[in-house]
$ cat query29.json   # JSON, N, CA and C atoms
[["chain", "number", "residue", "atom", "x", "y", "z"],
["N", 169, "MET", "N", 106.86, 100.25, 97.43],
["N", 169, "MET", "CA", 106.85, 98.82, 97.46],
["N", 169, "MET", "C", 108.23, 98.32, 97.87],
["N", 170, "LEU", "N", 108.27, 97.26, 98.65],
["N", 170, "LEU", "CA", 109.52, 96.63, 99.07],
["N", 170, "LEU", "C", 109.77, 95.42, 98.19],
["N", 171, "HIS", "N", 110.96, 95.35, 97.62],
["N", 171, "HIS", "CA", 111.35, 94.22, 96.78],
["N", 171, "HIS", "C", 112.48, 93.48, 97.48],
["N", 172, "THR", "N", 112.30, 92.19, 97.73],
["N", 172, "THR", "CA", 113.36, 91.40, 98.34],
["N", 172, "THR", "C", 114.01, 90.52, 97.27],
["N", 173, "VAL", "N", 115.33, 90.47, 97.33],
["N", 173, "VAL", "CA", 116.10, 89.65, 96.39],
["N", 173, "VAL", "C", 116.94, 88.69, 97.22],
["N", 174, "ASN", "N", 116.74, 87.38, 97.00],
["N", 174, "ASN", "CA", 117.45, 86.40, 97.81],
["N", 174, "ASN", "C", 118.45, 85.55, 97.05],
["N", 175, "LYS", "N", 118.73, 85.87, 95.81],
["N", 175, "LYS", "CA", 119.69, 85.10, 95.00],
["N", 175, "LYS", "C", 120.89, 85.96, 94.64],
["N", 176, "SER", "N", 122.04, 85.34, 94.61],
["N", 176, "SER", "CA", 123.28, 86.01, 94.22],
["N", 176, "SER", "C", 123.23, 86.39, 92.75],
["N", 177, "VAL", "N", 123.90, 87.48, 92.42],
["N", 177, "VAL", "CA", 124.00, 87.90, 91.02],
["N", 177, "VAL", "C", 124.80, 86.89, 90.21],
["N", 178, "PHE", "N", 125.54, 86.03, 90.89],
["N", 178, "PHE", "CA", 126.32, 85.00, 90.21],
["N", 178, "PHE", "C", 125.50, 83.75, 89.94],
["N", 179, "GLU", "N", 124.31, 83.68, 90.54],
["N", 179, "GLU", "CA", 123.44, 82.52, 90.40],
["N", 179, "GLU", "C", 122.26, 82.76, 89.46],
["N", 180, "ARG", "N", 121.64, 83.93, 89.60],
["N", 180, "ARG", "CA", 120.45, 84.26, 88.80],
["N", 180, "ARG", "C", 120.46, 85.73, 88.43],
["N", 181, "ASN", "N", 119.54, 86.11, 87.55],
["N", 181, "ASN", "CA", 119.43, 87.51, 87.15],
["N", 181, "ASN", "C", 118.28, 88.22, 87.87],
["N", 182, "SER", "N", 117.89, 87.71, 89.02],
["N", 182, "SER", "CA", 116.77, 88.27, 89.79],
["N", 182, "SER", "C", 116.98, 89.75, 90.11],
["N", 183, "LEU", "N", 118.19, 90.10, 90.52],
["N", 183, "LEU", "CA", 118.45, 91.49, 90.88],
["N", 183, "LEU", "C", 118.28, 92.41, 89.68],
["N", 184, "GLN", "N", 118.82, 92.03, 88.55],
["N", 184, "GLN", "CA", 118.69, 92.86, 87.36],
["N", 184, "GLN", "C", 117.23, 92.99, 86.94],
["N", 185, "SER", "N", 116.49, 91.90, 87.01],
["N", 185, "SER", "CA", 115.06, 91.94, 86.67],
["N", 185, "SER", "C", 114.32, 92.88, 87.61],
["N", 186, "CYS", "N", 114.67, 92.81, 88.89],
["N", 186, "CYS", "CA", 114.05, 93.68, 89.89],
["N", 186, "CYS", "C", 114.34, 95.15, 89.58],
["N", 187, "VAL", "N", 115.60, 95.47, 89.37],
["N", 187, "VAL", "CA", 116.00, 96.85, 89.10],
["N", 187, "VAL", "C", 115.32, 97.38, 87.83],
["N", 188, "ASN", "N", 115.16, 96.52, 86.85],
["N", 188, "ASN", "CA", 114.51, 96.94, 85.60],
["N", 188, "ASN", "C", 113.02, 97.19, 85.78],
["N", 189, "THR", "N", 112.44, 96.68, 86.84],
["N", 189, "THR", "CA", 110.99, 96.72, 87.03],
["N", 189, "THR", "C", 110.51, 97.78, 88.03],
["N", 190, "ILE", "N", 111.33, 98.09, 89.03],
["N", 190, "ILE", "CA", 110.85, 98.93, 90.13],
["N", 190, "ILE", "C", 110.57, 100.36, 89.70],
["N", 191, "ASP", "N", 109.74, 101.03, 90.51],
["N", 191, "ASP", "CA", 109.44, 102.44, 90.24],
["N", 191, "ASP", "C", 110.27, 103.32, 91.17],
["N", 192, "ASP", "N", 110.06, 104.62, 91.10],
["N", 192, "ASP", "CA", 110.87, 105.58, 91.84],
["N", 192, "ASP", "C", 110.63, 105.59, 93.35],
["N", 193, "THR", "N", 109.59, 104.91, 93.81],
["N", 193, "THR", "CA", 109.31, 104.90, 95.25],
["N", 193, "THR", "C", 109.67, 103.56, 95.90],
["N", 194, "SER", "N", 110.08, 102.60, 95.11],
["N", 194, "SER", "CA", 110.39, 101.27, 95.62],
["N", 194, "SER", "C", 111.78, 101.21, 96.25],
["N", 195, "VAL", "N", 111.94, 100.26, 97.18],
["N", 195, "VAL", "CA", 113.24, 99.99, 97.78],
["N", 195, "VAL", "C", 113.55, 98.50, 97.62],
["N", 196, "ILE", "N", 114.83, 98.17, 97.71],
["N", 196, "ILE", "CA", 115.28, 96.79, 97.57],
["N", 196, "ILE", "C", 115.93, 96.35, 98.88],
["N", 197, "LEU", "N", 115.55, 95.17, 99.34],
["N", 197, "LEU", "CA", 116.18, 94.55, 100.50],
["N", 197, "LEU", "C", 116.84, 93.27, 100.03],
["N", 198, "LEU", "N", 118.15, 93.19, 100.21],
["N", 198, "LEU", "CA", 118.92, 92.00, 99.86],
["N", 198, "LEU", "C", 118.93, 91.06, 101.06],
["N", 199, "ILE", "N", 118.52, 89.81, 100.83],
["N", 199, "ILE", "CA", 118.48, 88.81, 101.89],
["N", 199, "ILE", "C", 119.14, 87.52, 101.40],
["N", 200, "GLU", "N", 119.41, 86.62, 102.34],
["N", 200, "GLU", "CA", 120.01, 85.32, 102.03],
["N", 200, "GLU", "C", 121.21, 85.53, 101.10],
["N", 201, "ASP", "N", 121.34, 84.75, 100.02],
["N", 201, "ASP", "CA", 122.49, 84.91, 99.11],
["N", 201, "ASP", "C", 122.43, 86.21, 98.31],
["N", 202, "GLY", "N", 121.30, 86.89, 98.33],
["N", 202, "GLY", "CA", 121.19, 88.18, 97.66],
["N", 202, "GLY", "C", 122.13, 89.22, 98.22],
["N", 203, "VAL", "N", 122.55, 89.05, 99.49],
["N", 203, "VAL", "CA", 123.45, 90.04, 100.10],
["N", 203, "VAL", "C", 124.82, 90.05, 99.43],
["N", 204, "ILE", "N", 125.15, 89.02, 98.68],
["N", 204, "ILE", "CA", 126.41, 89.01, 97.94],
["N", 204, "ILE", "C", 126.48, 90.25, 97.04],
["N", 205, "SER", "N", 125.35, 90.70, 96.57],
["N", 205, "SER", "CA", 125.29, 91.88, 95.70],
["N", 205, "SER", "C", 125.63, 93.16, 96.45],
["N", 206, "ALA", "N", 125.62, 93.11, 97.77],
["N", 206, "ALA", "CA", 125.95, 94.28, 98.57],
["N", 206, "ALA", "C", 127.46, 94.50, 98.68],
["N", 207, "ALA", "N", 128.23, 93.48, 98.35],
["N", 207, "ALA", "CA", 129.68, 93.58, 98.46],
["N", 207, "ALA", "C", 130.26, 94.46, 97.35],
["N", 208, "LYS", "N", 131.28, 95.20, 97.71],
["N", 208, "LYS", "CA", 131.98, 96.01, 96.71],
["N", 208, "LYS", "C", 132.59, 95.09, 95.66],
["N", 209, "ASN", "N", 132.73, 95.60, 94.46],
["N", 209, "ASN", "CA", 133.38, 94.89, 93.36],
["N", 209, "ASN", "C", 132.69, 93.59, 92.95],
["N", 210, "THR", "N", 131.37, 93.56, 93.06],
["N", 210, "THR", "CA", 130.62, 92.45, 92.48],
["N", 210, "THR", "C", 129.89, 92.99, 91.26],
["N", 211, "LYS", "N", 129.03, 92.18, 90.70],
["N", 211, "LYS", "CA", 128.25, 92.63, 89.54],
["N", 211, "LYS", "C", 127.12, 93.56, 89.98],
["N", 212, "SER", "N", 127.24, 94.15, 91.15],
["N", 212, "SER", "CA", 126.14, 94.92, 91.72],
["N", 212, "SER", "C", 126.19, 96.40, 91.36],
["N", 213, "SER", "N", 126.97, 96.75, 90.36],
["N", 213, "SER", "CA", 127.03, 98.16, 89.99],
["N", 213, "SER", "C", 125.66, 98.70, 89.61],
["N", 214, "VAL", "N", 124.74, 97.81, 89.27],
["N", 214, "VAL", "CA", 123.37, 98.24, 88.99],
["N", 214, "VAL", "C", 122.72, 98.85, 90.22],
["N", 215, "LEU", "N", 123.27, 98.56, 91.39],
["N", 215, "LEU", "CA", 122.71, 99.09, 92.63],
["N", 215, "LEU", "C", 123.27, 100.45, 93.02],
["N", 216, "ALA", "N", 124.35, 100.87, 92.40],
["N", 216, "ALA", "CA", 125.04, 102.09, 92.82],
["N", 216, "ALA", "C", 124.12, 103.31, 92.88],
["N", 217, "ASP", "N", 123.37, 103.56, 91.82],
["N", 217, "ASP", "CA", 122.48, 104.73, 91.79],
["N", 217, "ASP", "C", 121.38, 104.62, 92.83],
["N", 218, "LEU", "N", 120.79, 103.43, 92.94],
["N", 218, "LEU", "CA", 119.71, 103.23, 93.93],
["N", 218, "LEU", "C", 120.24, 103.36, 95.35],
["N", 219, "ALA", "N", 121.43, 102.83, 95.59],
["N", 219, "ALA", "CA", 122.03, 102.94, 96.92],
["N", 219, "ALA", "C", 122.32, 104.39, 97.26],
["N", 220, "ALA", "N", 122.79, 105.15, 96.30],
["N", 220, "ALA", "CA", 123.07, 106.57, 96.52],
["N", 220, "ALA", "C", 121.80, 107.33, 96.88],
["N", 221, "GLN", "N", 120.65, 106.82, 96.44],
["N", 221, "GLN", "CA", 119.36, 107.43, 96.76],
["N", 221, "GLN", "C", 118.80, 106.89, 98.08],
["N", 222, "GLY", "N", 119.53, 106.00, 98.75],
["N", 222, "GLY", "CA", 119.07, 105.43, 100.02],
["N", 222, "GLY", "C", 117.97, 104.40, 99.86],
["N", 223, "ARG", "N", 117.98, 103.69, 98.74],
["N", 223, "ARG", "CA", 116.90, 102.77, 98.43],
["N", 223, "ARG", "C", 117.32, 101.30, 98.43],
["N", 224, "VAL", "N", 118.53, 101.00, 98.95],
["N", 224, "VAL", "CA", 119.01, 99.62, 99.00],
["N", 224, "VAL", "C", 119.41, 99.27, 100.43],
["N", 225, "TYR", "N", 118.88, 98.14, 100.88],
["N", 225, "TYR", "CA", 119.14, 97.63, 102.22],
["N", 225, "TYR", "C", 119.66, 96.20, 102.11],
["N", 226, "ALA", "N", 120.39, 95.77, 103.12],
["N", 226, "ALA", "CA", 120.84, 94.38, 103.19],
["N", 226, "ALA", "C", 120.62, 93.89, 104.62],
["N", 227, "LEU", "N", 120.23, 92.66, 104.76],
["N", 227, "LEU", "CA", 119.96, 92.07, 106.07],
["N", 227, "LEU", "C", 121.28, 91.75, 106.75],
["N", 228, "GLN", "N", 121.51, 92.40, 107.88],
["N", 228, "GLN", "CA", 122.78, 92.29, 108.61],
["N", 228, "GLN", "C", 123.15, 90.84, 108.94],
["N", 229, "GLY", "N", 122.20, 90.05, 109.41],
["N", 229, "GLY", "CA", 122.49, 88.67, 109.77],
["N", 229, "GLY", "C", 123.00, 87.85, 108.59],
["N", 230, "ASP", "N", 122.44, 88.09, 107.42],
["N", 230, "ASP", "CA", 122.87, 87.37, 106.22],
["N", 230, "ASP", "C", 124.24, 87.86, 105.74],
["N", 231, "VAL", "N", 124.49, 89.16, 105.88],
["N", 231, "VAL", "CA", 125.80, 89.73, 105.54],
["N", 231, "VAL", "C", 126.86, 89.10, 106.45],
["N", 232, "ASP", "N", 126.58, 89.07, 107.75],
["N", 232, "ASP", "CA", 127.52, 88.50, 108.71],
["N", 232, "ASP", "C", 127.76, 87.02, 108.44],
["N", 233, "ALA", "N", 126.70, 86.28, 108.14],
["N", 233, "ALA", "CA", 126.81, 84.84, 107.90],
["N", 233, "ALA", "C", 127.69, 84.53, 106.69],
["N", 234, "ARG", "N", 127.78, 85.45, 105.76],
["N", 234, "ARG", "CA", 128.59, 85.23, 104.56],
["N", 234, "ARG", "C", 129.96, 85.90, 104.65],
["N", 235, "GLY", "N", 130.25, 86.50, 105.79],
["N", 235, "GLY", "CA", 131.58, 87.06, 106.03],
["N", 235, "GLY", "C", 131.93, 88.26, 105.19],
["N", 236, "ILE", "N", 130.93, 89.06, 104.83],
["N", 236, "ILE", "CA", 131.22, 90.21, 103.96],
["N", 236, "ILE", "C", 130.94, 91.55, 104.64],
["N", 237, "SER", "N", 130.85, 91.55, 105.96],
["N", 237, "SER", "CA", 130.52, 92.78, 106.70],
["N", 237, "SER", "C", 131.43, 93.94, 106.36],
["N", 238, "SER", "N", 132.72, 93.67, 106.22],
["N", 238, "SER", "CA", 133.67, 94.75, 105.94],
["N", 238, "SER", "C", 133.72, 95.12, 104.46],
["N", 239, "LYS", "N", 132.97, 94.40, 103.63],
["N", 239, "LYS", "CA", 133.01, 94.63, 102.19],
["N", 239, "LYS", "C", 131.74, 95.24, 101.62],
["N", 240, "VAL", "N", 130.80, 95.61, 102.47],
["N", 240, "VAL", "CA", 129.54, 96.16, 101.98],
["N", 240, "VAL", "C", 129.78, 97.51, 101.31],
["N", 241, "ALA", "N", 129.21, 97.67, 100.14],
["N", 241, "ALA", "CA", 129.40, 98.89, 99.35],
["N", 241, "ALA", "C", 128.81, 100.11, 100.06],
["N", 242, "ASP", "N", 129.35, 101.25, 99.71],
["N", 242, "ASP", "CA", 128.89, 102.51, 100.27],
["N", 242, "ASP", "C", 127.41, 102.71, 99.98],
["N", 243, "ASN", "N", 126.74, 103.32, 100.91],
["N", 243, "ASN", "CA", 125.32, 103.71, 100.79],
["N", 243, "ASN", "C", 124.33, 102.57, 100.90],
["N", 244, "ILE", "N", 124.78, 101.33, 101.04],
["N", 244, "ILE", "CA", 123.84, 100.23, 101.28],
["N", 244, "ILE", "C", 123.63, 100.16, 102.78],
["N", 245, "LYS", "N", 122.38, 100.27, 103.17],
["N", 245, "LYS", "CA", 122.03, 100.31, 104.58],
["N", 245, "LYS", "C", 121.82, 98.91, 105.11],
["N", 246, "LEU", "N", 122.44, 98.61, 106.25],
["N", 246, "LEU", "CA", 122.27, 97.32, 106.88],
["N", 246, "LEU", "C", 121.13, 97.40, 107.89],
["N", 247, "VAL", "N", 120.26, 96.39, 107.88],
["N", 247, "VAL", "CA", 119.14, 96.34, 108.82],
["N", 247, "VAL", "C", 119.11, 94.97, 109.49],
["N", 248, "ASP", "N", 118.62, 94.96, 110.72],
["N", 248, "ASP", "CA", 118.41, 93.70, 111.42],
["N", 248, "ASP", "C", 116.99, 93.22, 111.13],
["N", 249, "TYR", "N", 116.57, 92.15, 111.80],
["N", 249, "TYR", "CA", 115.23, 91.62, 111.52],
["N", 249, "TYR", "C", 114.13, 92.61, 111.89],
["N", 250, "GLU", "N", 114.35, 93.39, 112.93],
["N", 250, "GLU", "CA", 113.38, 94.42, 113.29],
["N", 250, "GLU", "C", 113.28, 95.47, 112.18],
["N", 251, "GLY", "N", 114.42, 95.82, 111.60],
["N", 251, "GLY", "CA", 114.44, 96.75, 110.48],
["N", 251, "GLY", "C", 113.74, 96.19, 109.25],
["N", 252, "PHE", "N", 113.86, 94.89, 109.06],
["N", 252, "PHE", "CA", 113.17, 94.19, 107.97],
["N", 252, "PHE", "C", 111.66, 94.36, 108.15],
["N", 253, "VAL", "N", 111.19, 94.12, 109.36],
["N", 253, "VAL", "CA", 109.76, 94.27, 109.65],
["N", 253, "VAL", "C", 109.33, 95.72, 109.45],
["N", 254, "ASP", "N", 110.15, 96.66, 109.89],
["N", 254, "ASP", "CA", 109.83, 98.08, 109.70],
["N", 254, "ASP", "C", 109.68, 98.43, 108.21],
["N", 255, "LEU", "N", 110.55, 97.87, 107.37],
["N", 255, "LEU", "CA", 110.45, 98.12, 105.93],
["N", 255, "LEU", "C", 109.16, 97.55, 105.36],
["N", 256, "VAL", "N", 108.78, 96.36, 105.80],
["N", 256, "VAL", "CA", 107.53, 95.76, 105.33],
["N", 256, "VAL", "C", 106.35, 96.62, 105.73],
["N", 257, "VAL", "N", 106.34, 97.08, 106.98],
["N", 257, "VAL", "CA", 105.24, 97.92, 107.46],
["N", 257, "VAL", "C", 105.22, 99.25, 106.70],
["N", 258, "GLU", "N", 106.37, 99.86, 106.54],
["N", 258, "GLU", "CA", 106.45, 101.16, 105.87],
["N", 258, "GLU", "C", 105.99, 101.10, 104.41],
["N", 259, "HIS", "N", 106.35, 100.02, 103.71],
["N", 259, "HIS", "CA", 106.06, 99.95, 102.28],
["N", 259, "HIS", "C", 104.81, 99.17, 101.94],
["N", 260, "GLY", "N", 104.23, 98.50, 102.92],
["N", 260, "GLY", "CA", 102.94, 97.86, 102.74],
["N", 260, "GLY", "C", 102.93, 96.60, 101.91],
["N", 261, "THR", "N", 103.50, 96.63, 100.77],
["N", 261, "THR", "CA", 103.50, 95.48, 99.87],
["N", 261, "THR", "C", 104.93, 95.03, 99.64],
["N", 262, "ALA", "N", 105.14, 93.72, 99.66],
["N", 262, "ALA", "CA", 106.46, 93.17, 99.40],
["N", 262, "ALA", "C", 106.39, 92.20, 98.23],
["N", 263, "VAL", "N", 107.40, 92.27, 97.38],
["N", 263, "VAL", "CA", 107.52, 91.37, 96.24],
["N", 263, "VAL", "C", 108.84, 90.65, 96.39],
["N", 264, "SER", "N", 108.82, 89.32, 96.28],
["N", 264, "SER", "CA", 110.04, 88.52, 96.37],
["N", 264, "SER", "C", 110.52, 88.15, 94.98],
["N", 265, "TRP", "N", 111.79, 88.41, 94.72],
["N", 265, "TRP", "CA", 112.41, 88.04, 93.45],
["N", 265, "TRP", "C", 113.25, 86.81, 93.71],
["N", 266, "LEU", "N", 112.85, 85.69, 93.11],
["N", 266, "LEU", "CA", 113.52, 84.42, 93.35],
["N", 266, "LEU", "C", 114.45, 84.03, 92.22]]

$ encode --input "query29.json" --output "structure tokens"
Amino acid sequence: MLHTVNKSVFERNSLQSCVNTIDDTSVILLIEDGVISAAKNTKSSVLADLAAQGRVYALQGDVDARGISSKVADNIKLVDYEGFVDLVVEHGTAVSWL
């Protein structure tokens, strides 16, 4: 299952709720303000283990728009809109965490 998170960890606890809920086959895609969690030294340490497993993605356009391209944490994969569509197709079901 694909889980999208569009809120910053500084705004809501959506990311933590998502991480607490997902199973071992799920992946997370950070979009909109959710990409703030992809930056190093944020409250995103909850993503470290999942990112090391290759299960965390961030939307490149949103990362660029927020000026954090050079600050993306290790193991978080950046995808463009085509990559976003590929993730939706690959995982079949998407859940949005607002």

$ atom_distance --input "query29.json" --atom1 "atom C of Gly235 (chain N)" --atom2 "atom C of Asn188 (chain N)"
28.5 Å

$ closest_residue --input "query29.json" --among "N:Leu170, N:Val257, N:Ile190, N:Ala207" --to "Ser238 (chain N)" --atoms "all atoms listed in the file"
N:Ala207

$ atom_distance --input "query29.json" --atom1 "CA of Asp248 (chain N)" --atom2 "CA of Ser185 (chain N)"
25.0 Å

$ residues_around --input "query29.json" --residues "Ala220 (chain N)" --least-positions-apart "3" --cutoff "9 Å" --atoms "only C-alpha atoms" --output "ChimeraX atom specification"
/N:215-217,223-224,242-244

$ residues_around --input "query29.json" --residues "Asp192 (chain N)" --least-positions-apart "3" --cutoff "8 Å" --atoms "only N, CA and C atoms" --output "list in words"
Met169, Thr189 and Val195 of chain N

$ atom_distance --input "query29.json" --atom1 "atom C of Arg180 (chain N)" --atom2 "atom N of Ser264 (chain N)"
14.5 Å

$ closest_residue --input "query29.json" --among "N:Ser205, N:Asp191, N:Gly229, N:Ile196" --to "Val177 (chain N)" --atoms "only C-alpha atoms"
N:Ser205

$ select_by_dssp --input "query29.json" --residues "region 182-232 of chain N" --states "helix (DSSP H, G or I)" --output "ChimeraX atom specification"
/N:182-189,200-206,212-220,228-232

$ residues_around --input "query29.json" --residues "Val240 (chain N)" --least-positions-apart "3" --cutoff "5 Å" --atoms "all atoms listed in the file" --output "PDB file with N, CA and C atoms, keeping the file's coordinate frame"
ATOM      1  N   ALA N 206     125.620  93.110  97.770  1.00  0.00           N
ATOM      2  CA  ALA N 206     125.950  94.280  98.570  1.00  0.00           C
ATOM      3  C   ALA N 206     127.460  94.500  98.680  1.00  0.00           C
ATOM      4  N   ALA N 207     128.230  93.480  98.350  1.00  0.00           N
ATOM      5  CA  ALA N 207     129.680  93.580  98.460  1.00  0.00           C
ATOM      6  C   ALA N 207     130.260  94.460  97.350  1.00  0.00           C
ATOM      7  N   LYS N 208     131.280  95.200  97.710  1.00  0.00           N
ATOM      8  CA  LYS N 208     131.980  96.010  96.710  1.00  0.00           C
ATOM      9  C   LYS N 208     132.590  95.090  95.660  1.00  0.00           C
ATOM     10  N   ILE N 236     130.930  89.060 104.830  1.00  0.00           N
ATOM     11  CA  ILE N 236     131.220  90.210 103.960  1.00  0.00           C
ATOM     12  C   ILE N 236     130.940  91.550 104.640  1.00  0.00           C
ATOM     13  N   SER N 237     130.850  91.550 105.960  1.00  0.00           N
ATOM     14  CA  SER N 237     130.520  92.780 106.700  1.00  0.00           C
ATOM     15  C   SER N 237     131.430  93.940 106.360  1.00  0.00           C
TER      16      SER N 237
END

$ select_by_dssp --input "query29.json" --residues "chain N" --states "strand (DSSP E or B)" --output "list in words"
Leu170, His171, Thr172, Val173, Val195, Ile196, Leu197, Leu198, Ala207, Val224, Tyr225, Ala226, Leu227, Val240, Lys245, Leu246, Val247, Ala262, Val263, Ser264 and Trp265 of chain N

$ axis_aligned_box --input "query29.json" --around "region 248-254 of chain N" --padding-each-side "8 Å" --output "JSON"
{"center_x": 114.0, "center_y": 95.0, "center_z": 110.6, "size_x": 25.3, "size_y": 22.8, "size_z": 21.3}

$ decode --input "query29.json" --residues "region 180-263 of chain N" --atoms "C-alpha atoms" --output "PDB file, in the first residue's frame"
ATOM      1  CA  ARG N 180       0.553  17.834  12.408  1.00  0.00           C
ATOM      2  CA  ASN N 181       1.288  14.321  13.627  1.00  0.00           C
ATOM      3  CA  SER N 182       0.171  12.705  10.351  1.00  0.00           C
ATOM      4  CA  LEU N 183       3.584  11.198   9.665  1.00  0.00           C
ATOM      5  CA  GLN N 184       3.833   9.587  13.087  1.00  0.00           C
ATOM      6  CA  SER N 185       0.300   8.218  12.787  1.00  0.00           C
ATOM      7  CA  CYS N 186       1.164   6.808   9.374  1.00  0.00           C
ATOM      8  CA  VAL N 187       4.378   5.162  10.578  1.00  0.00           C
ATOM      9  CA  ASN N 188       2.530   3.650  13.534  1.00  0.00           C
ATOM     10  CA  THR N 189      -0.082   2.138  11.219  1.00  0.00           C
ATOM     11  CA  ILE N 190       1.723   0.810   8.134  1.00  0.00           C
ATOM     12  CA  ASP N 191       2.661  -2.807   7.550  1.00  0.00           C
ATOM     13  CA  ASP N 192       5.928  -4.298   6.311  1.00  0.00           C
ATOM     14  CA  THR N 193       5.005  -3.996   2.634  1.00  0.00           C
ATOM     15  CA  SER N 194       3.837  -0.375   2.664  1.00  0.00           C
ATOM     16  CA  VAL N 195       5.793   2.623   1.386  1.00  0.00           C
ATOM     17  CA  ILE N 196       5.514   6.322   2.227  1.00  0.00           C
ATOM     18  CA  LEU N 197       5.533   9.161  -0.287  1.00  0.00           C
ATOM     19  CA  LEU N 198       6.087  12.632   1.136  1.00  0.00           C
ATOM     20  CA  ILE N 199       4.316  15.356  -0.852  1.00  0.00           C
ATOM     21  CA  GLU N 200       3.537  19.070  -0.472  1.00  0.00           C
ATOM     22  CA  ASP N 201       4.657  20.246   3.019  1.00  0.00           C
ATOM     23  CA  GLY N 202       5.218  16.609   3.975  1.00  0.00           C
ATOM     24  CA  VAL N 203       8.586  16.775   2.190  1.00  0.00           C
ATOM     25  CA  ILE N 204       9.890  18.858   5.089  1.00  0.00           C
ATOM     26  CA  SER N 205      10.202  15.504   6.865  1.00  0.00           C
ATOM     27  CA  ALA N 206      12.700  14.416   4.219  1.00  0.00           C
ATOM     28  CA  ALA N 207      15.215  17.024   5.354  1.00  0.00           C
ATOM     29  CA  LYS N 208      18.078  15.993   7.591  1.00  0.00           C
ATOM     30  CA  ASN N 209      17.850  17.084  11.225  1.00  0.00           C
ATOM     31  CA  THR N 210      14.075  17.403  11.391  1.00  0.00           C
ATOM     32  CA  LYS N 211      11.705  15.428  13.573  1.00  0.00           C
ATOM     33  CA  SER N 212      11.812  12.783  10.847  1.00  0.00           C
ATOM     34  CA  SER N 213      14.029  10.322  12.667  1.00  0.00           C
ATOM     35  CA  VAL N 214      10.974   8.063  12.638  1.00  0.00           C
ATOM     36  CA  LEU N 215      11.690   7.654   8.929  1.00  0.00           C
ATOM     37  CA  ALA N 216      15.309   6.521   9.293  1.00  0.00           C
ATOM     38  CA  ASP N 217      14.604   2.779   9.521  1.00  0.00           C
ATOM     39  CA  LEU N 218      11.987   2.854   6.760  1.00  0.00           C
ATOM     40  CA  ALA N 219      14.257   4.901   4.514  1.00  0.00           C
ATOM     41  CA  ALA N 220      17.103   2.437   5.078  1.00  0.00           C
ATOM     42  CA  GLN N 221      14.714  -0.260   3.827  1.00  0.00           C
ATOM     43  CA  GLY N 222      14.006   1.787   0.662  1.00  0.00           C
ATOM     44  CA  ARG N 223      10.421   2.482   1.677  1.00  0.00           C
ATOM     45  CA  VAL N 224      10.385   6.311   1.788  1.00  0.00           C
ATOM     46  CA  TYR N 225      10.006   8.581  -1.225  1.00  0.00           C
ATOM     47  CA  ALA N 226       9.668  12.342  -1.615  1.00  0.00           C
ATOM     48  CA  LEU N 227       8.232  14.248  -4.558  1.00  0.00           C
ATOM     49  CA  GLN N 228      11.110  16.073  -6.250  1.00  0.00           C
ATOM     50  CA  GLY N 229       9.027  19.079  -7.347  1.00  0.00           C
ATOM     51  CA  ASP N 230       7.847  19.718  -3.792  1.00  0.00           C
ATOM     52  CA  VAL N 231      11.378  19.283  -2.412  1.00  0.00           C
ATOM     53  CA  ASP N 232      12.682  21.797  -4.964  1.00  0.00           C
ATOM     54  CA  ALA N 233       9.839  24.244  -4.275  1.00  0.00           C
ATOM     55  CA  ARG N 234      10.784  24.310  -0.592  1.00  0.00           C
ATOM     56  CA  GLY N 235      14.505  24.728  -1.251  1.00  0.00           C
ATOM     57  CA  ILE N 236      15.617  21.594   0.565  1.00  0.00           C
ATOM     58  CA  SER N 237      17.104  19.597  -2.329  1.00  0.00           C
ATOM     59  CA  SER N 238      20.577  19.591  -0.798  1.00  0.00           C
ATOM     60  CA  LYS N 239      19.223  18.660   2.635  1.00  0.00           C
ATOM     61  CA  VAL N 240      17.317  15.460   1.853  1.00  0.00           C
ATOM     62  CA  ALA N 241      18.239  12.693   4.276  1.00  0.00           C
ATOM     63  CA  ASP N 242      20.124   9.617   3.154  1.00  0.00           C
ATOM     64  CA  ASN N 243      18.108   6.771   1.655  1.00  0.00           C
ATOM     65  CA  ILE N 244      15.028   8.881   0.883  1.00  0.00           C
ATOM     66  CA  LYS N 245      14.320   8.399  -2.791  1.00  0.00           C
ATOM     67  CA  LEU N 246      13.254  11.387  -4.858  1.00  0.00           C
ATOM     68  CA  VAL N 247      10.614  10.802  -7.539  1.00  0.00           C
ATOM     69  CA  ASP N 248       9.047  13.014 -10.173  1.00  0.00           C
ATOM     70  CA  TYR N 249       5.352  12.981 -11.070  1.00  0.00           C
ATOM     71  CA  GLU N 250       5.873   9.987 -13.352  1.00  0.00           C
ATOM     72  CA  GLY N 251       7.485   8.174 -10.419  1.00  0.00           C
ATOM     73  CA  PHE N 252       4.481   9.116  -8.283  1.00  0.00           C
ATOM     74  CA  VAL N 253       2.182   7.472 -10.826  1.00  0.00           C
ATOM     75  CA  ASP N 254       4.445   4.411 -10.952  1.00  0.00           C
ATOM     76  CA  LEU N 255       4.187   4.059  -7.157  1.00  0.00           C
ATOM     77  CA  VAL N 256       0.393   4.273  -7.308  1.00  0.00           C
ATOM     78  CA  VAL N 257       0.267   1.621 -10.032  1.00  0.00           C
ATOM     79  CA  GLU N 258       2.768  -0.641  -8.261  1.00  0.00           C
ATOM     80  CA  HIS N 259       1.025  -0.505  -4.878  1.00  0.00           C
ATOM     81  CA  GLY N 260      -2.552  -0.438  -6.108  1.00  0.00           C
ATOM     82  CA  THR N 261      -4.078   1.306  -3.138  1.00  0.00           C
ATOM     83  CA  ALA N 262      -3.167   4.738  -1.818  1.00  0.00           C
ATOM     84  CA  VAL N 263      -4.024   6.234   1.555  1.00  0.00           C
TER      85      VAL N 263
END
